[in-house]
Protein chains: 2
Amino acid sequence: MIDRYLLRYFLAVIDAGTFSKAAAQCHVSQPTLSVGIAKLEREYGQPLFHRTNRRVELTTAGARLAPHARRIEAEFALAERGAREASPRAPLRLGLLATVPTDWIASWLAAIAPLLGTQPVEIVEGRERDLIERLARGRIDAALTIVRPESERFAADILFEEGYALALPVTHPLAARAVIAAEELAADRMIVRRHCEALSDTSRHFTARGVRPFFPARTTSDERAIAYVRAGLGITVMPACFRDPGIARPRLADFPLTRTVGLLWGHHADRATLAGEPVLARLTRTVETMQAGPGIA
Amino acid sequence: MIDRYLLRYFLAVIDAGTFSKAAAQCHVSQPTLSVGIAKLEREYGQPLFHRTNRRVELTTAGARLAPHARRIEAEFALAERGAREASPRAPLRLGLLATVPTDWIASWLAAIAPLLGTQPVEIVEGRERDLIERLARGRIDAALTIVRPESERFAADILFEEGYALALPVTHPLAARAVIAAEELAADRMIVRRHCEALSDTSRHFTARGVRPFFPARTTSDERAIAYVRAGLGITVMPACFRDPGIARPRLADFPLTRTVGLLWGHHADRATLAGEPVLARLTRTVETMQAGPGIA
DNA sequence: GTATCACATAGACGTCATCTATGATCGACC
DNA sequence: GGTCGATCATAGATGACGTCTATGTGATAC
């Protein structure tokens with residue numbers, strides 16, 4: 001009895017060209033996909049792929065099965081789409097990490113505006129721990145937040161990894177530098193971004209080097225923080241993804257902290273179905289382009 | 001993610017009209033099918049059936065899903081058929097209980113003759129224990145034999161249940177009787193059907209009643225046994241399904257032994273696929289009609 | 001030779017589809 | 001009106017199997 005998941009593996013191998021890539025595409029390990037294909041071949045009665053060292057290619061038997069597999073998957077997709085379109089769709093509850101640039105979210109919201117009628121979205125902002133908590137309780141379906149190895153209780157799709165960098169007004173004497181040591185900033189005032197997941201690491205970094213700046217402002221808004229920096233009220237440390245024409249982002253010497261940002265999926269939700277949701281697929285694309293893109297600064 | 005087996009349950013309910021019948025059709029228990037439908041409804045997002053006490057009927061959501069499910073199942077069937085047609089088919093190895101009437105087998109073989117080119121059949125005759133043994137060793141794919149509750153190591157499809165009855169020549173003085181006691185046969189000679197699964201029970205029945213007849217013949221062929229009976233060489237006891245114009249089949253008083261005949265499936269084989277095999281489907285039909293039919297006698 | 005990349009195999013683990021047993025609900029029947 | 005029979009739902013236990021990590025095998029590159 002051929003099962004659906006076997007055909008999904010099969011099609012993924014055709015599309016990806018290798019077992020390993022197909023496994024990643026299916027969010028399973030390579031051995032899992034390997035035994036899956038083996039099982040399908042046993043059930044089908046004959047080999048479906050010629051294994052060569054560099055890639056795999058369809059046998060004639062595989063070529064015969066492929067169109068059936070395509071039609072079956074397409075029909076499944078239609079059925080599942082029909083389900084969602086007909087039912088009064090529950091709002092998609094999405095957690096957003098506070099330290100994600102607002103303009104990313106704005107750009108995403110603009111892109112999905114026409115979809116909001118058929119797929120309402122409910123946004124929950126919070127810090128890393130809040131979002132994990134809500135995910136665990138099933139209060140949100142997915143979260144754009146920090147992915148850590150130890151948060152493997154949730155399925156994750158990693159989007160990018162980045163470091164943290166200083167944020168100086170472009171008028172700052174050191175603004176043109178690529179790397180700045182903490183000690184060079186002893187005379188600077190510093191904006192405290194109270195919501196930032198890196199706050200304690202940042203404080204420790206400066207105090208460990210004897211730098212105990214004055215704090216002219218504490219805020220939980222990154223836009224406020226940037227405005228303060230532009231205005232010359234002080235400097236701060238932010239994730240590298242924040243860019244603004246008015247601020248420079250030199251690296252902070254010996255501060256190797258990075259964060260990995262991605263989508264975490266609540267286990268009650270069906271990741272495969274959810275990730276195919278246009279609204280979320282668009283979020284992924286938006287984040288990837290805005291992060292990797294040339295940026296403003 | 002909707003799975004294939006859920007759609008099979010769904011379609012079975014549509015076709016059968018009730019969950020219980022659908023469960024039997026799918027060879028699963030009623031609770032299994034029940035939770036299966038519940039799961040499908042959860043995945044689909046809305047109820048698929050209106051449950052009333054006497055029957056279930058499709059909701060509009062169910063009616064929307066049904067055509068997709070049909071197409072998916074049809075496509076799976078096509079894919080699986082394609083597999084079998086393309087591969088050089090292994091012969092279907094079928095065990096046949098010795099005490100099944102030869103004319104049933106002959107009738108079946110005549111019906112499937114045109115199919116033997118594409119699906120070779122290998123017949124293994126044997127007694128009950130031989131067939132079980134071969135099934136366990138994977139030497140045969142299925143067996144038409146006796147189904148016992150304790151032989152639940154194998155999946156079974158029960159075809160019919162029957163008793164054992166006397167076989168007398170129509171010229172016998174008692175041939176017209178419906179029931180005959182063992183004691184009334186003290187003067188008769190008796191043919192021993194050495195291969196019969198009921199042989200020891202039969203012997204015990206007669207000896208316990210003080211009847212120790214002369215045995216003019218021992219045979220392992222039911223056709224020989226019938227020929228002997230017709231010729232007046234002696235009488236015997238056979239499964240009720242044996243009929244012949246020349247013999248009468250009165251019941252033996254106080255002999256309640258019955259046997260349940262059906263198909264046993266080797267666990268290495270895929271029962272669902274195998275049972276759909278035209279050759280085997282035809283065997284099922286042939287046996288059912290020849291057993292239930294008006295018969296010759 | 002070493003390194004790297006591919007897929008296959010082995011054993012352990014956890015999920016979940018399945019089972020049996022039981023409950024809940026309704027209609028039929030005397 | 002109470003009992004019986006039929007239906008589907010629920011609960012807890014169990015086993016199968018899909019998945020994992022770890023490791024093996026083989027081929028190509030340098």
# chains A, B, ... in the order shown; residues from 1 in each chain; ligands from 1
call {"tool": "closest_atom_pairs", "arguments": {"of": "chain B", "to": "chain D", "cutoff": "8 Å", "atoms": "only C-alpha atoms (C1' of nucleotides)", "output": "JSON lines"}}
result
{"residue": "B:Phe19", "atom": "CA", "partner": "D:DC8", "partner_atom": "C1'", "distance": 7.5}
{"residue": "B:Pro31", "atom": "CA", "partner": "D:DA9", "partner_atom": "C1'", "distance": 7.9}
{"residue": "B:Ser34", "atom": "CA", "partner": "D:DC8", "partner_atom": "C1'", "distance": 7.3}
{"residue": "B:Arg51", "atom": "CA", "partner": "D:DC8", "partner_atom": "C1'", "distance": 7.9}
{"residue": "B:Asn53", "atom": "CA", "partner": "D:DT7", "partner_atom": "C1'", "distance": 5.4}
{"residue": "B:Arg54", "atom": "CA", "partner": "D:DT7", "partner_atom": "C1'", "distance": 6.6}
{"residue": "B:Arg55", "atom": "CA", "partner": "D:DT7", "partner_atom": "C1'", "distance": 7.9}
call {"tool": "closest_atom_pairs", "arguments": {"of": "segment 113-201 of chain B", "to": "segment 269-289 of chain B", "cutoff": "8 Å", "atoms": "only C-alpha atoms", "output": "tab-separated table"}}
result
residue	atom	partner	partner_atom	distance
B:Leu115	CA	B:Val279	CA	7.2
B:Gln119	CA	B:Val279	CA	7.7
B:Asp141	CA	B:Ala269	CA	6.2
B:Ala155	CA	B:Arg271	CA	7.7
B:Leu159	CA	B:Glu288	CA	6.5
B:Phe160	CA	B:Glu288	CA	7.4
call {"tool": "write_last_selection", "arguments": {"atoms": "N, CA and C atoms", "output": "CSV table (one decimal), in the first residue's frame"}}
result
chain,number,residue,atom,x,y,z
B,115,LEU,N,-6.4,-14.9,-17.4
B,115,LEU,CA,-5.5,-14.0,-16.7
B,115,LEU,C,-4.2,-14.6,-16.4
B,119,GLN,N,-0.7,-13.0,-14.8
B,119,GLN,CA,-0.5,-13.3,-13.4
B,119,GLN,C,-0.5,-14.8,-13.2
B,141,ASP,N,1.7,-17.1,-0.5
B,141,ASP,CA,1.2,-15.8,-0.3
B,141,ASP,C,-0.2,-15.8,0.4
B,155,ALA,N,-3.9,-12.6,9.0
B,155,ALA,CA,-5.1,-12.0,8.6
B,155,ALA,C,-6.0,-13.0,7.9
B,159,LEU,N,-15.0,-16.9,4.5
B,159,LEU,CA,-15.9,-17.1,3.4
B,159,LEU,C,-17.2,-17.8,3.8
B,160,PHE,N,-17.2,-18.8,4.5
B,160,PHE,CA,-18.4,-19.5,4.9
B,160,PHE,C,-18.1,-20.5,6.1
call {"tool": "residues_around", "arguments": {"residues": "segment 214-219 of chain B", "least_positions_apart": "3", "cutoff": "9 Å", "atoms": "only C-alpha atoms (C1' of nucleotides)", "output": "PyMOL selection string"}}
result
chain B and resi 187-195+222+224-225+228+233-234
call {"tool": "write_last_selection", "arguments": {"atoms": "N, CA and C atoms", "output": "PDB file, in the first residue's frame"}}
result
ATOM      1  N   ALA B 187     -23.885 -51.468  10.580  1.00  0.00           N
ATOM      2  CA  ALA B 187     -23.675 -52.530   9.599  1.00  0.00           C
ATOM      3  C   ALA B 187     -22.999 -52.028   8.327  1.00  0.00           C
ATOM      4  N   ASP B 188     -22.847 -50.723   8.227  1.00  0.00           N
ATOM      5  CA  ASP B 188     -22.271 -50.186   6.996  1.00  0.00           C
ATOM      6  C   ASP B 188     -20.755 -50.255   7.013  1.00  0.00           C
ATOM      7  N   ARG B 189     -20.207 -50.357   5.818  1.00  0.00           N
ATOM      8  CA  ARG B 189     -18.757 -50.208   5.679  1.00  0.00           C
ATOM      9  C   ARG B 189     -18.449 -48.732   5.476  1.00  0.00           C
ATOM     10  N   MET B 190     -17.235 -48.354   5.757  1.00  0.00           N
ATOM     11  CA  MET B 190     -16.947 -46.922   5.762  1.00  0.00           C
ATOM     12  C   MET B 190     -15.636 -46.609   5.045  1.00  0.00           C
ATOM     13  N   ILE B 191     -15.724 -45.623   4.143  1.00  0.00           N
ATOM     14  CA  ILE B 191     -14.537 -45.169   3.419  1.00  0.00           C
ATOM     15  C   ILE B 191     -13.775 -44.188   4.315  1.00  0.00           C
ATOM     16  N   VAL B 192     -12.487 -44.391   4.430  1.00  0.00           N
ATOM     17  CA  VAL B 192     -11.675 -43.469   5.237  1.00  0.00           C
ATOM     18  C   VAL B 192     -11.054 -42.412   4.332  1.00  0.00           C
ATOM     19  N   ARG B 193     -11.413 -41.155   4.587  1.00  0.00           N
ATOM     20  CA  ARG B 193     -10.786 -40.035   3.860  1.00  0.00           C
ATOM     21  C   ARG B 193      -9.597 -39.582   4.707  1.00  0.00           C
ATOM     22  N   ARG B 194      -8.449 -40.126   4.394  1.00  0.00           N
ATOM     23  CA  ARG B 194      -7.301 -39.991   5.292  1.00  0.00           C
ATOM     24  C   ARG B 194      -6.839 -38.546   5.461  1.00  0.00           C
ATOM     25  N   HIS B 195      -7.127 -37.707   4.504  1.00  0.00           N
ATOM     26  CA  HIS B 195      -6.609 -36.335   4.527  1.00  0.00           C
ATOM     27  C   HIS B 195      -7.531 -35.377   5.265  1.00  0.00           C
ATOM     28  N   ASP B 222     -10.915 -36.909  -2.483  1.00  0.00           N
ATOM     29  CA  ASP B 222     -12.361 -36.828  -2.260  1.00  0.00           C
ATOM     30  C   ASP B 222     -13.142 -37.347  -3.456  1.00  0.00           C
ATOM     31  N   ARG B 224     -12.230 -39.802  -5.403  1.00  0.00           N
ATOM     32  CA  ARG B 224     -12.219 -41.249  -5.246  1.00  0.00           C
ATOM     33  C   ARG B 224     -13.249 -41.670  -4.196  1.00  0.00           C
ATOM     34  N   ALA B 225     -13.250 -40.948  -3.096  1.00  0.00           N
ATOM     35  CA  ALA B 225     -14.178 -41.293  -2.016  1.00  0.00           C
ATOM     36  C   ALA B 225     -15.604 -41.251  -2.522  1.00  0.00           C
ATOM     37  N   TYR B 228     -16.276 -44.149  -4.724  1.00  0.00           N
ATOM     38  CA  TYR B 228     -16.475 -45.361  -3.926  1.00  0.00           C
ATOM     39  C   TYR B 228     -17.880 -45.403  -3.342  1.00  0.00           C
ATOM     40  N   LEU B 233     -19.420 -49.085  -2.365  1.00  0.00           N
ATOM     41  CA  LEU B 233     -18.346 -49.713  -1.612  1.00  0.00           C
ATOM     42  C   LEU B 233     -18.473 -49.424  -0.123  1.00  0.00           C
ATOM     43  N   GLY B 234     -19.019 -48.255   0.197  1.00  0.00           N
ATOM     44  CA  GLY B 234     -19.167 -47.885   1.601  1.00  0.00           C
ATOM     45  C   GLY B 234     -19.721 -46.481   1.703  1.00  0.00           C
TER      46      GLY B 234
END
call {"tool": "interface_residues", "arguments": {"of": "chain A", "to": "chain B", "cutoff": "12 Å", "atoms": "only C-alpha atoms", "output": "VMD selection string"}}
result
chain A and resid 1 to 8 40 to 48 60 to 90 268 to 276
call {"tool": "residues_around", "arguments": {"residues": "Asp130 of chain B", "least_positions_apart": "6", "cutoff": "12 Å", "atoms": "only C-alpha atoms (C1' of nucleotides)", "output": "MDAnalysis selection string"}}
result
chainID B and resid 95:98 124 136:137 139:140 143 145:146 195 197
call {"tool": "interface_residues", "arguments": {"of": "chain B", "to": "chain C", "cutoff": "10 Å", "atoms": "only C-alpha atoms (C1' of nucleotides)", "output": "list in words"}}
result
Val28, Ser29, Pro31, Thr32, Leu33, Val35, Gly36, Thr52, Asn53 and Arg54 of chain B
call {"tool": "write_last_selection", "arguments": {"atoms": "N, CA, C and O atoms", "output": "PDB file, in the first residue's frame"}}
result
ATOM      1  N   VAL B  28     -10.626  -2.949   9.762  1.00  0.00           N
ATOM      2  CA  VAL B  28     -10.192  -2.369  11.037  1.00  0.00           C
ATOM      3  C   VAL B  28     -11.393  -2.379  11.970  1.00  0.00           C
ATOM      4  O   VAL B  28     -12.526  -2.630  11.542  1.00  0.00           O
ATOM      5  N   SER B  29     -11.147  -2.113  13.238  1.00  0.00           N
ATOM      6  CA  SER B  29     -12.240  -2.097  14.200  1.00  0.00           C
ATOM      7  C   SER B  29     -13.044  -0.811  14.069  1.00  0.00           C
ATOM      8  O   SER B  29     -12.578   0.174  13.489  1.00  0.00           O
ATOM      9  N   PRO B  31     -13.916   1.407  16.425  1.00  0.00           N
ATOM     10  CA  PRO B  31     -13.300   2.589  17.037  1.00  0.00           C
ATOM     11  C   PRO B  31     -12.159   3.152  16.199  1.00  0.00           C
ATOM     12  O   PRO B  31     -12.002   4.373  16.104  1.00  0.00           O
ATOM     13  N   THR B  32     -11.400   2.294  15.592  1.00  0.00           N
ATOM     14  CA  THR B  32     -10.297   2.782  14.766  1.00  0.00           C
ATOM     15  C   THR B  32     -10.820   3.669  13.647  1.00  0.00           C
ATOM     16  O   THR B  32     -10.327   4.775  13.435  1.00  0.00           O
ATOM     17  N   LEU B  33     -11.842   3.183  12.975  1.00  0.00           N
ATOM     18  CA  LEU B  33     -12.404   4.000  11.905  1.00  0.00           C
ATOM     19  C   LEU B  33     -13.026   5.275  12.457  1.00  0.00           C
ATOM     20  O   LEU B  33     -12.906   6.343  11.860  1.00  0.00           O
ATOM     21  N   VAL B  35     -12.175   7.073  15.155  1.00  0.00           N
ATOM     22  CA  VAL B  35     -11.172   8.104  15.437  1.00  0.00           C
ATOM     23  C   VAL B  35     -10.520   8.575  14.144  1.00  0.00           C
ATOM     24  O   VAL B  35     -10.109   9.735  14.044  1.00  0.00           O
ATOM     25  N   GLY B  36     -10.445   7.689  13.174  1.00  0.00           N
ATOM     26  CA  GLY B  36      -9.890   8.098  11.890  1.00  0.00           C
ATOM     27  C   GLY B  36     -10.724   9.199  11.252  1.00  0.00           C
ATOM     28  O   GLY B  36     -10.194  10.218  10.806  1.00  0.00           O
ATOM     29  N   THR B  52     -26.497  10.274  12.479  1.00  0.00           N
ATOM     30  CA  THR B  52     -27.790   9.959  13.071  1.00  0.00           C
ATOM     31  C   THR B  52     -27.671   8.530  13.591  1.00  0.00           C
ATOM     32  O   THR B  52     -26.670   7.867  13.366  1.00  0.00           O
ATOM     33  N   ASN B  53     -28.701   8.078  14.275  1.00  0.00           N
ATOM     34  CA  ASN B  53     -28.573   6.766  14.891  1.00  0.00           C
ATOM     35  C   ASN B  53     -28.587   5.642  13.873  1.00  0.00           C
ATOM     36  O   ASN B  53     -27.969   4.606  14.088  1.00  0.00           O
ATOM     37  N   ARG B  54     -29.298   5.821  12.821  1.00  0.00           N
ATOM     38  CA  ARG B  54     -29.460   4.726  11.876  1.00  0.00           C
ATOM     39  C   ARG B  54     -28.431   4.740  10.753  1.00  0.00           C
ATOM     40  O   ARG B  54     -28.100   3.721  10.207  1.00  0.00           O
TER      41      ARG B  54
END
call {"tool": "select_by_dssp", "arguments": {"residues": "segment 14-255 of chain A", "states": "alpha helix (DSSP H)", "output": "PyMOL selection string"}}
result
chain A and resi 14-16+19-25+30-44+60-86+102-112+128-137+199-208+222-230
call {"tool": "select_by_dssp", "arguments": {"residues": "segment 104-266 of chain B", "states": "strand (DSSP E or B)", "output": "number ranges by chain"}}
result
B: 121-126, 142-146, 155-169, 179-180, 190-193, 217-219, 235-239, 247-248, 251-252, 258-265
call {"tool": "atom_distance", "arguments": {"atom1": "atom CA of Phe242 of chain A", "atom2": "atom CA of Ala156 of chain A"}}
result
22.9 Å
call {"tool": "atom_distance", "arguments": {"atom1": "atom CA of His27 of chain B", "atom2": "atom CA of Val56 of chain B"}}
result
19.3 Å
call {"tool": "decode", "arguments": {"residues": "segment 37-66 of chain A", "atoms": "N, CA, C and O atoms", "output": "short mmCIF file (atom, residue, chain, number, x, y, z; two decimals), in the first residue's frame"}}
result
data_model
loop_
_atom_site.label_atom_id
_atom_site.label_comp_id
_atom_site.auth_asym_id
_atom_site.auth_seq_id
_atom_site.Cartn_x
_atom_site.Cartn_y
_atom_site.Cartn_z
N ILE A 37 12.45 5.87 0.27
CA ILE A 37 12.54 5.55 -1.16
C ILE A 37 12.70 4.04 -1.34
O ILE A 37 12.07 3.43 -2.21
N ALA A 38 13.52 3.45 -0.47
CA ALA A 38 13.70 1.99 -0.57
C ALA A 38 12.37 1.28 -0.38
O ALA A 38 12.04 0.33 -1.10
N LYS A 39 11.60 1.75 0.58
CA LYS A 39 10.31 1.12 0.82
C LYS A 39 9.38 1.29 -0.38
O LYS A 39 8.70 0.37 -0.80
N LEU A 40 9.38 2.50 -0.92
CA LEU A 40 8.54 2.75 -2.10
C LEU A 40 8.96 1.84 -3.25
O LEU A 40 8.11 1.28 -3.96
N GLU A 41 10.25 1.67 -3.41
CA GLU A 41 10.71 0.80 -4.50
C GLU A 41 10.29 -0.64 -4.25
O GLU A 41 9.94 -1.37 -5.17
N ARG A 42 10.31 -1.04 -2.98
CA ARG A 42 9.89 -2.41 -2.68
C ARG A 42 8.39 -2.56 -2.97
O ARG A 42 7.95 -3.53 -3.57
N GLU A 43 7.62 -1.56 -2.55
CA GLU A 43 6.18 -1.65 -2.78
C GLU A 43 5.86 -1.56 -4.27
O GLU A 43 4.90 -2.19 -4.73
N TYR A 44 6.63 -0.76 -4.95
CA TYR A 44 6.35 -0.59 -6.37
C TYR A 44 6.87 -1.76 -7.18
O TYR A 44 6.45 -1.99 -8.29
N GLY A 45 7.82 -2.48 -6.60
CA GLY A 45 8.28 -3.70 -7.26
C GLY A 45 9.52 -3.52 -8.09
O GLY A 45 10.07 -4.50 -8.59
N GLN A 46 9.98 -2.29 -8.27
CA GLN A 46 11.18 -2.10 -9.06
C GLN A 46 11.85 -0.79 -8.70
O GLN A 46 11.20 0.10 -8.14
N PRO A 47 13.14 -0.69 -9.01
CA PRO A 47 13.89 0.53 -8.64
C PRO A 47 13.33 1.76 -9.34
O PRO A 47 12.89 1.69 -10.49
N LEU A 48 13.33 2.87 -8.62
CA LEU A 48 12.80 4.11 -9.17
C LEU A 48 13.91 5.07 -9.56
O LEU A 48 13.69 5.96 -10.37
N PHE A 49 15.09 4.90 -8.96
CA PHE A 49 16.19 5.81 -9.26
C PHE A 49 17.45 5.02 -9.57
O PHE A 49 17.71 3.97 -8.97
N HIS A 50 18.22 5.55 -10.50
CA HIS A 50 19.59 5.09 -10.68
C HIS A 50 20.44 5.93 -9.75
O HIS A 50 20.49 7.15 -9.88
N ARG A 51 21.12 5.28 -8.83
CA ARG A 51 22.01 6.03 -7.93
C ARG A 51 23.38 6.14 -8.55
O ARG A 51 24.05 5.12 -8.77
N THR A 52 23.79 7.34 -8.85
CA THR A 52 25.18 7.56 -9.20
C THR A 52 25.78 8.37 -8.07
O THR A 52 25.07 8.81 -7.16
N ASN A 53 27.04 8.59 -8.14
CA ASN A 53 27.68 9.24 -7.00
C ASN A 53 27.29 10.70 -6.87
O ASN A 53 27.22 11.24 -5.78
N ARG A 54 27.09 11.34 -7.96
CA ARG A 54 26.87 12.79 -7.91
C ARG A 54 25.40 13.17 -7.88
O ARG A 54 25.02 14.21 -7.38
N ARG A 55 24.58 12.33 -8.46
CA ARG A 55 23.16 12.66 -8.44
C ARG A 55 22.36 11.39 -8.69
O ARG A 55 22.93 10.33 -8.96
N VAL A 56 21.07 11.47 -8.60
CA VAL A 56 20.22 10.33 -8.89
C VAL A 56 19.36 10.69 -10.08
O VAL A 56 19.02 11.85 -10.29
N GLU A 57 19.00 9.68 -10.88
CA GLU A 57 18.09 9.96 -11.98
C GLU A 57 17.04 8.87 -12.06
O GLU A 57 17.26 7.74 -11.65
N LEU A 58 15.90 9.27 -12.60
CA LEU A 58 14.77 8.36 -12.66
C LEU A 58 15.05 7.16 -13.56
O LEU A 58 15.65 7.31 -14.62
N THR A 59 14.60 6.01 -13.12
CA THR A 59 14.55 4.86 -14.03
C THR A 59 13.28 4.99 -14.87
O THR A 59 12.46 5.90 -14.65
N THR A 60 13.10 4.09 -15.81
CA THR A 60 11.86 4.15 -16.59
C THR A 60 10.66 3.88 -15.68
O THR A 60 9.59 4.46 -15.85
N ALA A 61 10.86 2.98 -14.70
CA ALA A 61 9.77 2.73 -13.76
C ALA A 61 9.45 4.01 -12.99
O ALA A 61 8.28 4.35 -12.78
N GLY A 62 10.50 4.72 -12.55
CA GLY A 62 10.28 5.97 -11.85
C GLY A 62 9.55 6.97 -12.72
O GLY A 62 8.64 7.68 -12.26
N ALA A 63 9.93 7.03 -13.97
CA ALA A 63 9.27 7.96 -14.89
C ALA A 63 7.80 7.60 -15.06
O ALA A 63 6.96 8.47 -15.28
N ARG A 64 7.50 6.31 -14.94
CA ARG A 64 6.10 5.90 -15.08
C ARG A 64 5.30 6.29 -13.84
O ARG A 64 4.13 6.65 -13.92
N LEU A 65 5.97 6.21 -12.68
CA LEU A 65 5.25 6.55 -11.45
C LEU A 65 5.08 8.05 -11.28
O LEU A 65 4.07 8.51 -10.73
N ALA A 66 6.05 8.80 -11.74
CA ALA A 66 6.08 10.23 -11.45
C ALA A 66 4.78 10.97 -11.76
O ALA A 66 4.27 11.69 -10.90
#
